[in-house]
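Raw contents of run_30.cif, mmCIF, C-alpha atoms:
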data_protein
loop_
_atom_site.label_atom_id
_atom_site.label_comp_id
_atom_site.auth_asym_id
_atom_site.auth_seq_id
_atom_site.Cartn_x
_atom_site.Cartn_y
_atom_site.Cartn_z
CA MET A 177 3.43 15.90 8.85
CA VAL A 178 0.07 17.62 9.06
CA THR A 179 -0.53 20.19 6.36
CA GLU A 180 -3.53 22.39 5.73
CA MET A 181 -6.00 20.74 3.42
CA PRO A 182 -6.01 22.50 0.04
CA SER A 183 -9.28 24.22 -0.80
CA ASN A 184 -9.95 21.98 -3.82
CA VAL A 185 -9.70 18.93 -1.55
CA ARG A 186 -11.71 20.54 1.26
CA GLU A 187 -14.55 21.23 -1.18
CA GLN A 188 -14.79 17.50 -1.92
CA TYR A 189 -14.25 16.42 1.67
CA PRO A 190 -16.18 18.81 3.93
CA PHE A 191 -16.08 16.59 7.02
CA LYS A 192 -14.93 17.31 10.55
CA ALA A 193 -11.67 15.62 11.55
CA HIS A 194 -11.62 13.55 14.73
CA TYR A 195 -8.53 12.09 16.35
CA THR A 196 -7.97 9.41 18.94
CA LYS A 197 -5.12 7.20 20.11
CA VAL A 198 -5.20 3.49 19.34
CA ASN A 199 -2.39 1.26 20.55
CA GLY A 200 -0.27 4.35 21.14
CA ARG A 201 -0.72 5.80 17.63
CA ILE A 202 -2.79 8.78 16.53
CA MET A 203 -5.72 7.75 14.34
CA HIS A 204 -7.80 10.16 12.27
CA TYR A 205 -11.43 9.26 11.69
CA LEU A 206 -14.71 10.73 10.53
CA ASP A 207 -17.89 10.49 12.56
CA GLU A 208 -20.93 11.85 10.76
CA GLY A 209 -24.66 11.51 11.35
CA ALA A 210 -26.66 9.57 13.92
CA GLY A 211 -28.24 6.15 13.89
CA GLU A 212 -27.02 2.61 13.39
CA PRO A 213 -23.26 2.67 12.79
CA ILE A 214 -21.72 1.93 9.42
CA LEU A 215 -17.94 1.63 9.30
CA LEU A 216 -16.40 2.58 5.96
CA LEU A 217 -12.98 0.93 5.75
CA HIS A 218 -10.32 1.65 3.14
CA GLY A 219 -7.12 -0.05 2.00
CA ASN A 220 -3.94 1.00 0.21
CA PRO A 221 -3.05 3.63 -1.11
CA THR A 222 -6.26 5.40 -0.14
CA TRP A 223 -7.84 6.98 2.93
CA THR A 224 -11.32 8.08 3.99
CA PHE A 225 -11.40 10.42 1.00
CA LEU A 226 -12.29 7.28 -0.97
CA TYR A 227 -15.75 7.30 0.67
CA ARG A 228 -16.45 11.03 0.34
CA LYS A 229 -19.46 10.41 -1.91
CA PHE A 230 -20.92 7.66 0.27
CA ILE A 231 -21.05 9.65 3.49
CA PRO A 232 -23.77 12.24 2.70
CA VAL A 233 -26.03 9.57 1.16
CA LEU A 234 -25.73 7.26 4.17
CA VAL A 235 -26.12 10.09 6.69
CA ASP A 236 -29.24 11.34 4.88
CA ALA A 237 -30.64 7.81 5.09
CA GLY A 238 -30.35 7.92 8.89
CA TYR A 239 -27.06 6.18 9.61
CA ARG A 240 -24.06 7.13 11.71
CA VAL A 241 -20.99 6.85 9.49
CA VAL A 242 -17.61 6.23 11.09
CA SER A 243 -14.57 6.00 8.85
CA PRO A 244 -11.00 5.68 10.13
CA ASP A 245 -7.73 6.25 8.30
CA LEU A 246 -5.41 3.28 8.75
CA ILE A 247 -2.31 4.06 10.80
CA GLY A 248 0.34 4.87 8.20
CA LEU A 249 -2.11 6.38 5.70
CA GLY A 250 -4.34 9.40 5.27
CA MET A 251 -4.40 11.85 8.14
CA SER A 252 -3.41 9.25 10.73
CA GLU A 253 0.09 8.97 12.17
CA LYS A 254 2.71 7.63 9.75
CA PRO A 255 5.46 5.90 11.72
CA CYS A 256 8.82 5.46 9.98
CA ASN A 257 9.33 1.79 10.80
CA ASP A 258 7.95 -1.58 9.73
CA TYR A 259 6.69 -2.70 13.11
CA PHE A 260 3.17 -1.23 13.19
CA ASN A 261 1.80 -2.59 9.95
CA SER A 262 0.79 -6.21 10.38
CA LEU A 263 -2.81 -7.32 9.91
CA LEU A 264 -3.02 -7.92 13.63
CA HIS A 265 -1.98 -4.33 14.32
CA HIS A 266 -4.63 -2.90 11.99
CA THR A 267 -7.38 -5.21 13.23
CA SER A 268 -6.51 -4.40 16.83
CA ASN A 269 -6.58 -0.67 15.97
CA LEU A 270 -10.07 -1.08 14.49
CA ASP A 271 -11.22 -3.00 17.56
CA GLN A 272 -9.88 -0.23 19.80
CA LEU A 273 -11.69 2.48 17.84
CA ILE A 274 -14.99 0.58 17.94
CA LYS A 275 -14.63 0.11 21.70
CA GLN A 276 -13.70 3.73 22.32
CA LEU A 277 -16.73 4.97 20.38
CA ASP A 278 -18.91 2.26 21.96
CA LEU A 279 -20.28 1.24 18.57
CA LYS A 280 -22.81 -1.60 18.74
CA GLY A 281 -24.13 -3.71 15.88
CA VAL A 282 -21.81 -2.29 13.25
CA THR A 283 -22.03 -2.72 9.50
CA LEU A 284 -18.59 -3.18 7.95
CA VAL A 285 -17.91 -1.84 4.46
CA MET A 286 -14.66 -3.28 3.10
CA GLN A 287 -12.47 -3.06 0.01
CA ASP A 288 -8.83 -3.94 -0.64
CA TRP A 289 -6.89 -4.38 2.66
CA ALA A 290 -10.03 -3.49 4.58
CA GLY A 291 -11.22 -7.00 3.66
CA PRO A 292 -8.69 -8.98 5.72
CA ILE A 293 -8.68 -6.26 8.40
CA GLY A 294 -12.47 -6.04 8.73
CA LEU A 295 -13.05 -9.77 8.38
CA GLY A 296 -10.33 -10.30 10.98
CA TYR A 297 -12.47 -8.15 13.28
CA ALA A 298 -15.68 -9.97 12.31
CA ILE A 299 -14.35 -13.45 13.09
CA ARG A 300 -13.28 -12.25 16.55
CA ARG A 301 -16.26 -10.01 17.37
CA ARG A 302 -19.08 -11.74 15.50
CA GLU A 303 -21.63 -10.60 18.09
CA ASN A 304 -20.96 -6.93 17.31
CA VAL A 305 -21.34 -7.12 13.52
CA LYS A 306 -24.81 -6.67 12.07
CA ALA A 307 -23.93 -6.85 8.37
CA GLN A 308 -21.09 -6.48 5.92
CA LEU A 309 -20.48 -5.21 2.41
CA ILE A 310 -17.48 -6.81 0.68
CA MET A 311 -15.96 -5.33 -2.49
CA SER A 312 -12.79 -6.08 -4.46
CA THR A 313 -10.80 -7.87 -1.80
CA TRP A 314 -9.80 -11.34 -0.64
CA ALA A 315 -9.33 -13.42 2.50
CA TRP A 316 -7.37 -16.50 1.46
CA THR A 317 -3.77 -17.41 0.93
CA GLU A 318 -4.12 -18.18 -2.76
CA VAL A 319 -2.45 -15.44 -4.79
CA SER A 320 -4.47 -13.75 -7.54
CA PRO A 321 -3.09 -13.81 -11.11
CA PHE A 322 -2.46 -10.06 -10.83
CA HIS A 323 -0.46 -10.45 -7.63
CA SER A 324 1.52 -13.35 -9.14
CA SER A 325 2.68 -11.40 -12.16
CA ILE A 326 6.16 -9.91 -12.35
CA PHE A 327 4.87 -7.10 -14.58
CA PRO A 328 3.72 -4.88 -13.09
CA TRP A 329 2.84 -6.01 -9.58
CA ARG A 330 5.81 -7.94 -8.21
CA MET A 331 8.34 -5.71 -9.94
CA MET A 332 6.60 -2.64 -8.53
CA HIS A 333 7.26 -3.64 -4.93
CA ALA A 334 10.43 -5.74 -5.39
CA PRO A 335 13.43 -4.98 -3.15
CA VAL A 336 14.91 -1.55 -3.90
CA VAL A 337 12.52 -1.09 -6.85
CA GLY A 338 9.61 -0.76 -4.41
CA PRO A 339 10.97 2.19 -2.43
CA PHE A 340 11.91 3.85 -5.71
CA LEU A 341 8.52 3.49 -7.42
CA LEU A 342 6.11 3.65 -4.49
CA GLN A 343 7.88 6.15 -2.26
CA ARG A 344 10.12 8.29 -4.45
CA ARG A 345 7.88 8.28 -7.55
CA ASN A 346 4.54 7.90 -5.69
CA ALA A 347 3.46 5.49 -8.44
CA LEU A 348 0.21 4.25 -6.92
CA THR A 349 -1.21 7.71 -6.38
CA GLU A 350 0.11 9.28 -9.54
CA ARG A 351 -0.83 6.40 -11.83
CA GLY A 352 -2.14 3.31 -10.05
CA LEU A 353 -5.46 4.86 -9.02
CA TRP A 354 -6.13 6.03 -12.56
CA LEU A 355 -5.25 2.61 -13.97
CA SER A 356 -7.68 0.88 -11.60
CA VAL A 357 -10.92 2.70 -12.44
CA VAL A 358 -13.22 2.41 -15.43
CA ASN A 359 -14.44 6.01 -15.40
CA ARG A 360 -11.08 7.65 -15.90
CA ASP A 361 -12.59 11.01 -16.71
CA ARG A 362 -13.72 11.12 -13.07
CA MET A 363 -10.10 10.93 -11.88
CA THR A 364 -9.44 14.63 -12.34
CA GLU A 365 -6.43 16.47 -10.92
CA ASP A 366 -8.68 17.66 -8.08
CA VAL A 367 -9.47 14.05 -7.17
CA ILE A 368 -5.83 12.96 -7.41
CA ASP A 369 -4.93 15.98 -5.24
CA GLY A 370 -7.18 14.45 -2.61
CA TYR A 371 -4.98 11.37 -2.55
CA ARG A 372 -1.74 13.36 -2.79
CA PHE A 373 -1.84 16.07 -0.21
CA HIS A 374 -1.24 14.04 2.95
CA MET A 375 1.49 11.83 1.47
CA GLN A 376 3.94 14.40 0.20
CA SER A 377 7.30 13.06 1.27
CA TYR A 378 9.32 9.86 0.87
CA ASP A 379 9.00 8.91 4.55
CA GLU A 380 5.24 9.56 4.63
CA ARG A 381 4.75 7.10 1.77
CA GLY A 382 6.31 4.12 3.53
CA SER A 383 3.02 2.27 3.92
CA PHE A 384 2.40 2.37 0.17
CA LEU A 385 5.18 -0.23 0.11
CA ARG A 386 4.49 -2.04 3.37
CA PHE A 387 1.00 -3.17 2.34
CA PRO A 388 1.97 -4.89 -0.94
CA ARG A 389 4.63 -6.79 0.94
CA MET A 390 2.04 -8.26 3.31
CA ILE A 391 0.25 -10.07 0.50
CA PRO A 392 0.97 -13.80 0.81
CA LEU A 393 3.34 -15.17 -1.82
CA GLY A 394 2.09 -18.73 -1.65
CA GLU A 395 4.66 -20.97 -0.02
CA LYS A 396 7.44 -18.35 -0.14
CA ASN A 397 8.39 -16.02 2.70
CA LYS A 398 5.37 -16.97 4.84
CA GLU A 399 6.80 -15.46 8.01
CA ASN A 400 7.18 -11.98 6.57
CA THR A 401 3.86 -11.66 4.79
CA GLY A 402 0.33 -11.84 6.17
CA TYR A 403 0.12 -15.54 5.29
CA HIS A 404 -0.62 -17.01 8.70
CA ILE A 405 -3.14 -14.35 9.70
CA ILE A 406 -5.00 -14.56 6.39
CA LYS A 407 -4.99 -18.36 6.66
CA GLN A 408 -6.66 -18.02 10.05
CA ILE A 409 -9.37 -15.79 8.54
CA GLU A 410 -9.82 -18.14 5.57
CA GLU A 411 -10.45 -21.10 7.86
CA LYS A 412 -13.17 -19.25 9.79
CA LEU A 413 -15.06 -17.76 6.84
CA PRO A 414 -17.50 -20.71 6.57
CA GLU A 415 -18.66 -19.98 10.13
CA LEU A 416 -19.16 -16.27 9.55
CA ASP A 417 -22.97 -16.14 9.46
CA ILE A 418 -23.24 -12.40 8.90
CA PRO A 419 -25.67 -10.99 6.32
CA THR A 420 -23.35 -10.10 3.46
CA LEU A 421 -23.71 -7.94 0.39
CA LEU A 422 -21.16 -8.50 -2.38
CA ILE A 423 -20.63 -5.80 -5.01
CA TRP A 424 -17.83 -6.32 -7.50
CA GLY A 425 -16.45 -4.79 -10.65
CA GLU A 426 -17.04 -6.97 -13.68
CA PRO A 427 -13.69 -5.87 -15.22
CA ASP A 428 -11.78 -5.86 -11.91
CA ASP A 429 -8.28 -7.07 -12.80
CA VAL A 430 -6.82 -6.97 -9.28
CA PHE A 431 -9.37 -9.25 -7.62
CA PRO A 432 -11.25 -11.06 -10.40
CA LYS A 433 -15.02 -11.47 -10.28
CA GLU A 434 -14.56 -15.19 -9.62
CA TRP A 435 -13.45 -14.16 -6.16
CA ALA A 436 -16.82 -12.53 -5.51
CA GLU A 437 -18.33 -15.90 -6.40
CA ARG A 438 -15.95 -17.58 -3.99
CA PHE A 439 -17.08 -15.31 -1.12
CA TYR A 440 -20.68 -16.12 -2.11
CA GLU A 441 -20.00 -19.85 -1.94
CA ILE A 442 -18.11 -19.71 1.36
CA LEU A 443 -20.10 -17.19 3.41
CA PRO A 444 -23.34 -18.76 4.68
CA ARG A 445 -25.48 -15.60 4.54
CA ALA A 446 -24.20 -13.86 1.43
CA GLU A 447 -26.49 -12.51 -1.27
CA LYS A 448 -25.60 -13.31 -4.86
CA PRO A 449 -22.93 -10.85 -6.03
CA ILE A 450 -23.97 -7.70 -7.84
CA TYR A 451 -21.67 -6.78 -10.72
CA VAL A 452 -21.00 -3.24 -11.91
CA GLN A 453 -18.76 -1.63 -14.50
CA ALA A 454 -15.90 -0.86 -12.16
CA LYS A 455 -12.34 -1.85 -11.48
CA HIS A 456 -10.49 -2.17 -8.17
CA PHE A 457 -11.30 1.31 -6.82
CA ILE A 458 -14.99 0.57 -7.13
CA GLN A 459 -15.85 3.41 -4.74
CA GLU A 460 -14.57 5.90 -7.32
CA ASP A 461 -16.44 4.22 -10.17
CA GLU A 462 -19.85 3.57 -8.62
CA PRO A 463 -20.29 5.48 -5.33
CA GLU A 464 -23.93 6.41 -5.81
CA PHE A 465 -25.07 2.94 -6.84
CA ILE A 466 -23.19 1.19 -4.03
CA SER A 467 -24.52 3.60 -1.40
CA ARG A 468 -28.09 3.02 -2.58
CA GLU A 469 -27.62 -0.76 -2.67
CA LEU A 470 -26.19 -0.76 0.84
CA ILE A 471 -29.20 1.17 2.16
CA ARG A 472 -31.59 -1.21 0.36
CA PHE A 473 -29.76 -4.19 1.82
CA LEU A 474 -29.74 -2.85 5.38
CA LYS A 475 -33.41 -1.81 5.29
CA GLY A 476 -34.27 -5.34 4.23
CA LEU A 477 -32.63 -7.02 7.22
CA MET B 237 27.19 3.82 -12.85
CA GLN B 238 30.75 3.41 -11.69
CA TRP B 239 32.16 2.06 -8.42
CA ILE B 240 34.72 4.39 -6.88
CA LYS B 241 36.96 4.45 -3.85
CA ILE B 242 36.80 7.36 -1.44
CA GLU B 243 39.01 7.99 1.57
CA HIS B 244 37.27 9.11 4.74
CA LYS B 245 39.19 12.38 4.76
CA GLN B 246 37.73 13.20 1.35
CA LEU B 247 34.26 13.19 2.87
CA ALA B 248 34.91 16.21 5.05
CA GLY B 249 32.77 19.05 3.82
CA TYR B 250 30.08 16.75 2.45
CA ARG B 251 26.80 15.82 4.06
CA ARG B 252 24.89 12.60 3.47
CA GLU B 253 21.28 12.81 2.24
CA LEU B 254 19.26 9.61 2.44
CA VAL B 255 17.56 9.05 -0.92
CA LEU B 256 16.40 5.43 -0.66
CA THR B 257 15.95 2.87 2.12
CA GLU B 258 15.24 -0.82 1.67
CA THR B 259 14.41 -2.66 4.88
CA ARG B 260 13.43 -6.02 3.34
CA LEU B 261 16.03 -7.16 0.87
CA ASP B 262 14.80 -10.70 1.53
CA HIS B 263 11.22 -10.01 0.45
CA TYR B 264 12.32 -11.81 -2.68
CA ASP B 265 15.48 -13.45 -1.41
CA GLU B 266 17.19 -13.59 -4.81
CA PHE B 267 17.79 -9.84 -4.42
CA ARG B 268 19.59 -10.27 -1.11
CA GLN B 269 21.61 -13.13 -2.58
CA PHE B 270 22.55 -10.99 -5.56
CA PHE B 271 24.09 -8.24 -3.44
CA ARG B 272 25.86 -10.74 -1.26
CA ARG B 273 27.31 -12.52 -4.28
CA GLU B 274 28.06 -9.51 -6.45
CA LEU B 275 29.70 -7.39 -3.77
CA ASN B 276 31.30 -10.20 -1.76
CA LEU B 277 29.33 -9.30 1.33
CA SER B 278 29.68 -11.22 4.55
CA PRO B 279 27.98 -10.93 7.97
CA GLN B 280 31.35 -9.86 9.35
CA ASP B 281 31.05 -6.70 7.24
CA VAL B 282 28.94 -5.00 9.88
CA ASP B 283 32.01 -4.96 12.09
CA GLY B 284 34.32 -2.73 10.16
CA ARG B 285 34.14 -3.07 6.38
CA GLU B 286 34.33 0.25 4.60
CA ASN B 287 31.29 1.45 2.78
CA LEU B 288 30.85 1.38 -0.95
CA PHE B 289 30.53 4.38 -3.20
CA PHE B 290 29.35 4.76 -6.76
CA ARG B 291 29.15 7.63 -9.20
CA GLY B 292 25.86 8.04 -11.03
CA GLU B 293 25.44 9.18 -14.62
CA SER B 294 24.92 12.71 -13.34
CA GLY B 295 28.43 12.63 -11.87
CA ARG B 296 27.05 12.71 -8.36
CA ILE B 297 28.42 10.34 -5.73
CA TYR B 298 26.34 7.96 -3.64
CA GLU B 299 27.24 5.88 -0.64
CA LEU B 300 25.78 2.38 -0.39
CA ILE B 301 25.32 1.01 3.12
CA PHE B 302 24.23 -2.51 3.95
CA VAL B 303 22.28 -3.14 7.14
CA GLY B 304 22.49 -6.23 9.34
CA LYS B 305 19.90 -7.32 11.89
CA THR B 306 20.00 -10.17 14.36
CA GLY B 307 17.55 -12.90 13.44
CA ARG B 308 17.72 -12.01 9.73
CA LEU B 309 19.99 -13.14 6.94
CA TYR B 310 22.65 -10.64 5.93
CA PRO B 311 22.25 -8.13 4.41
CA ALA B 312 18.79 -7.38 5.77
CA GLY B 313 18.53 -4.01 4.08
CA LEU B 314 20.36 -1.23 2.35
CA GLU B 315 20.51 2.55 2.32
CA ILE B 316 21.57 4.82 -0.51
CA LEU B 317 22.89 8.22 0.46
CA LEU B 318 23.73 11.10 -1.82
CA LEU B 319 26.84 13.09 -0.95
CA VAL B 320 26.02 16.79 -1.12
CA GLU B 321 28.70 19.42 -0.74
CA ASP B 322 28.59 21.76 2.24
CA ILE B 323 25.20 23.49 2.41
CA ASP B 324 24.29 23.09 -1.26
CA PRO B 325 20.64 22.23 -1.87
CA LEU B 326 19.58 18.80 -3.02
CA PRO B 327 19.58 18.50 -6.81
CA PRO B 328 16.23 18.11 -8.62
CA GLU B 329 14.52 14.80 -7.80
CA ASP B 330 14.57 13.65 -11.43
CA GLU B 331 18.35 13.98 -11.49
CA ILE B 332 18.67 11.70 -8.47
CA ASP B 333 16.02 9.35 -9.84
CA ARG B 334 17.86 8.96 -13.11
CA ASP B 335 20.95 7.81 -11.20
CA LEU B 336 18.83 5.47 -9.07
CA TRP B 337 17.17 4.08 -12.18
CA GLU B 338 20.61 3.10 -13.48
CA PHE B 339 21.29 1.45 -10.12
CA LEU B 340 18.03 -0.51 -10.47
CA ARG B 341 18.96 -1.57 -14.01
CA TRP B 342 22.33 -2.82 -12.77
CA MET B 343 20.63 -4.70 -9.93
CA ILE B 344 17.88 -6.32 -12.02
CA GLY B 345 20.39 -7.31 -14.68
CA GLY B 346 22.33 -9.15 -12.00
CA VAL B 347 19.40 -10.74 -10.17
CA GLY B 348 18.26 -12.29 -13.44
CA GLY B 349 15.85 -15.20 -13.84
CA GLU B 350 12.26 -14.01 -14.02
CA TRP B 351 13.40 -10.49 -13.02
CA THR B 352 14.11 -9.09 -16.46
CA LEU B 353 15.22 -5.65 -17.57
CA SER B 354 12.29 -5.66 -19.91
CA ALA B 355 9.88 -6.11 -16.97
CA LEU B 356 11.62 -3.31 -15.08
CA GLU B 357 11.45 -0.92 -18.03
CA SER B 358 7.81 -1.80 -18.73
CA THR B 359 6.85 -1.32 -15.09
CA GLY B 360 8.68 1.99 -14.94
CA TYR B 361 7.09 3.10 -18.18
CA LEU B 362 3.60 2.13 -16.97
CA TYR B 363 4.14 4.22 -13.84
CA ARG B 364 5.52 7.16 -15.80
CA VAL B 365 9.17 7.05 -14.85
CA PRO B 366 10.36 9.55 -17.47
CA PHE B 367 13.56 7.69 -18.37
CA ALA B 368 12.06 4.18 -18.55
CA GLN B 369 11.92 2.67 -22.02
CA PRO B 370 8.53 1.85 -23.56
CA PRO B 371 7.85 -1.86 -24.06
CA ARG B 372 8.96 -3.22 -27.41
CA LYS B 373 6.08 -3.80 -29.77
CA SER B 374 5.79 -7.37 -30.94
CA LYS B 375 5.92 -7.70 -34.71
#

Hey, can you dump this file as structure tokens for me?
Amino acid sequence: MVTEMPSNVREQYPFKAHYTKVNGRIMHYLDEGAGEPILLLHGNPTWTFLYRKFIPVLVDAGYRVVSPDLIGLGMSEKPCNDYFNSLLHHTSNLDQLIKQLDLKGVTLVMQDWAGPIGLGYAIRRRENVKAQLIMSTWAWTEVSPFHSSIFPWRMMHAPVVGPFLLQRRNALTERGLWLSVVNRDRMTEDVIDGYRFHMQSYDERGSFLRFPRMIPLGEKNKENTGYHIIKQIEEKLPELDIPTLLIWGEPDDVFPKEWAERFYEILPRAEKPIYVQAKHFIQEDEPEFISRELIRFLKGL
Amino acid sequence: MQWIKIEHKQLAGYRRELVLTETRLDHYDEFRQFFRRELNLSPQDVDGRENLFFRGESGRIYELIFVGKTGRLYPAGLEILLLVEDIDPLPPEDEIDRDLWEFLRWMIGGVGGEWTLSALESTGYLYRVPFAQPPRKSK
């Protein structure tokens, strides 16, 4: 359901909405500025609002910033079924958007699910990726300690509990975001409103649950998680010779800093990771610093 | 939470409001196995077994429907529907959620193993479910 953006959200997010159709679904995206294209990619339970503080900085520095909302989240279409939400769907949707906009030599900025989605694009379309920024994500089948734990992660999305907490109680938006930042005073009601307004009903929040259930569970339930697709990405990472910037939260408890080191060891053209005082939603904690570092990195290529 | 029997004719004058859908009971298969064991479910159920009803702590009545899908172990999913009289409005969400929380407690208690009531309560408390119990402090 499309609702008018509340004024307190509009003030933080003064960007023009664009819509297109990818694989038969309506995708919302932002397209600001002119110059070399930077794609800002989000994960769950966020949307392009997550990058609201990056966009003006990057546009002022002479870049074209394109940022899509994943199908199922943000202002994109939210289908009420489970059959649109695999990694292959999302990577194909991204590929379609890039083709439609005729974007050449893109820089991918990735966090959370945007990691496997964007890296899935990069391994297939290496020739069209100029650079990448990787933050708080993963691309291997090993499960992080956080994602292995019953409390709170596995319980939160367990059968029947998951729809209750993530859809009825909207737990990730109402509490999870706040728990996963260092600068909690920045997570004001106005900011949380930005994450709330487009996901107001039980049905609209279905993807809040679908994404956690795609995380591989090791040897269990391989067919119903993203195991095989992530395995495919993992195997190709050593060949991904794309200039890579790694920025990670020192106290990140979802994807530990050791995983930044792992990307650094695997990716042939990665710079040594830069650590900041941030947790999983690093874009909320350190937007100004990351934007500046990205510009520095790109100017140096 | 109390299981009750309802005749079809008693449902006239009520409408069903979907309050929770689970499409992947086998995400952790011990949950699917629990329902199958606890409620004596069988794949033949999809061809005629009457649905189940329970009364929540609020006194409201819910229908529990199990879903079967070809290619998936039974039951593949479940739906919980609140029976609402005539054109009455839905009750406040917290009232429904309190009943559902009791349903979750019953379910987790039966699944057992690493799925403990303590983990459920702590998770609910962390995510501000108003009727979840705070974790016990270790002495």

Give me the residues within 9 Å of A:Phe457 as a ChimeraX atom specification, counting all atoms listed in the file and dropping any in the same chain fewer than 6 places off. /A:226,287-288,312,353,356-358,425,428

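Applying a distance limit of 7 Å to only C-alpha atoms, the residues of chain B near chain A read Leu256, Thr257, Glu258, Arg260, Leu261, His263, Tyr264, Phe267, Leu340, Ala355, Leu356, Thr359 and Tyr363 of chain B.
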
Interatomic distance (Å, one decimal) between atom CA of A:Ile310 and atom CA of A:Thr420: 7.3 Å

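Among B:Asp265, B:Lys305, B:Arg273, B:Ile316, the residue with the shortest atom-to-atom distance to B:Phe339, counting all atoms listed in the file, is B:Ile316.
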
Surrounding residues of A:His218 excluding itself and chain neighbours under 5 positions, 9 Å, all atoms listed in the file, as a PyMOL selection string: chain A and resi 223-224+226-227+243-246+285-291

Residue rebuild result stretch 248-261 of chain B, N, CA and C atoms as a PDB file, in the coordinates of the input:
ATOM      1  N   ALA B 248      35.078  14.992   4.257  1.00  0.00           N
ATOM      2  CA  ALA B 248      34.910  16.210   5.050  1.00  0.00           C
ATOM      3  C   ALA B 248      34.344  17.295   4.150  1.00  0.00           C
ATOM      4  N   GLY B 249      33.370  17.995   4.637  1.00  0.00           N
ATOM      5  CA  GLY B 249      32.770  19.050   3.820  1.00  0.00           C
ATOM      6  C   GLY B 249      31.575  18.584   3.020  1.00  0.00           C
ATOM      7  N   TYR B 250      31.292  17.280   3.109  1.00  0.00           N
ATOM      8  CA  TYR B 250      30.080  16.750   2.450  1.00  0.00           C
ATOM      9  C   TYR B 250      29.087  16.322   3.526  1.00  0.00           C
ATOM     10  N   ARG B 251      27.816  16.408   3.192  1.00  0.00           N
ATOM     11  CA  ARG B 251      26.800  15.820   4.060  1.00  0.00           C
ATOM     12  C   ARG B 251      26.107  14.679   3.310  1.00  0.00           C
ATOM     13  N   ARG B 252      25.561  13.757   4.076  1.00  0.00           N
ATOM     14  CA  ARG B 252      24.890  12.600   3.470  1.00  0.00           C
ATOM     15  C   ARG B 252      23.376  12.839   3.494  1.00  0.00           C
ATOM     16  N   GLU B 253      22.748  12.681   2.338  1.00  0.00           N
ATOM     17  CA  GLU B 253      21.280  12.810   2.240  1.00  0.00           C
ATOM     18  C   GLU B 253      20.717  11.439   1.847  1.00  0.00           C
ATOM     19  N   LEU B 254      19.863  10.916   2.714  1.00  0.00           N
ATOM     20  CA  LEU B 254      19.260   9.610   2.440  1.00  0.00           C
ATOM     21  C   LEU B 254      18.263   9.725   1.282  1.00  0.00           C
ATOM     22  N   VAL B 255      18.473   8.963   0.229  1.00  0.00           N
ATOM     23  CA  VAL B 255      17.560   9.050  -0.920  1.00  0.00           C
ATOM     24  C   VAL B 255      16.766   7.756  -1.148  1.00  0.00           C
ATOM     25  N   LEU B 256      17.173   6.677  -0.525  1.00  0.00           N
ATOM     26  CA  LEU B 256      16.400   5.430  -0.660  1.00  0.00           C
ATOM     27  C   LEU B 256      16.762   4.474   0.482  1.00  0.00           C
ATOM     28  N   THR B 257      15.739   3.865   1.052  1.00  0.00           N
ATOM     29  CA  THR B 257      15.950   2.870   2.120  1.00  0.00           C
ATOM     30  C   THR B 257      15.230   1.584   1.744  1.00  0.00           C
ATOM     31  N   GLU B 258      15.898   0.486   1.875  1.00  0.00           N
ATOM     32  CA  GLU B 258      15.240  -0.820   1.670  1.00  0.00           C
ATOM     33  C   GLU B 258      15.420  -1.615   2.953  1.00  0.00           C
ATOM     34  N   THR B 259      14.315  -1.941   3.610  1.00  0.00           N
ATOM     35  CA  THR B 259      14.410  -2.660   4.880  1.00  0.00           C
ATOM     36  C   THR B 259      14.183  -4.166   4.731  1.00  0.00           C
ATOM     37  N   ARG B 260      13.750  -4.595   3.521  1.00  0.00           N
ATOM     38  CA  ARG B 260      13.430  -6.020   3.340  1.00  0.00           C
ATOM     39  C   ARG B 260      14.059  -6.549   2.061  1.00  0.00           C
ATOM     40  N   LEU B 261      15.359  -6.604   2.059  1.00  0.00           N
ATOM     41  CA  LEU B 261      16.030  -7.160   0.870  1.00  0.00           C
ATOM     42  C   LEU B 261      15.620  -8.602   0.626  1.00  0.00           C
TER      43      LEU B 261
END
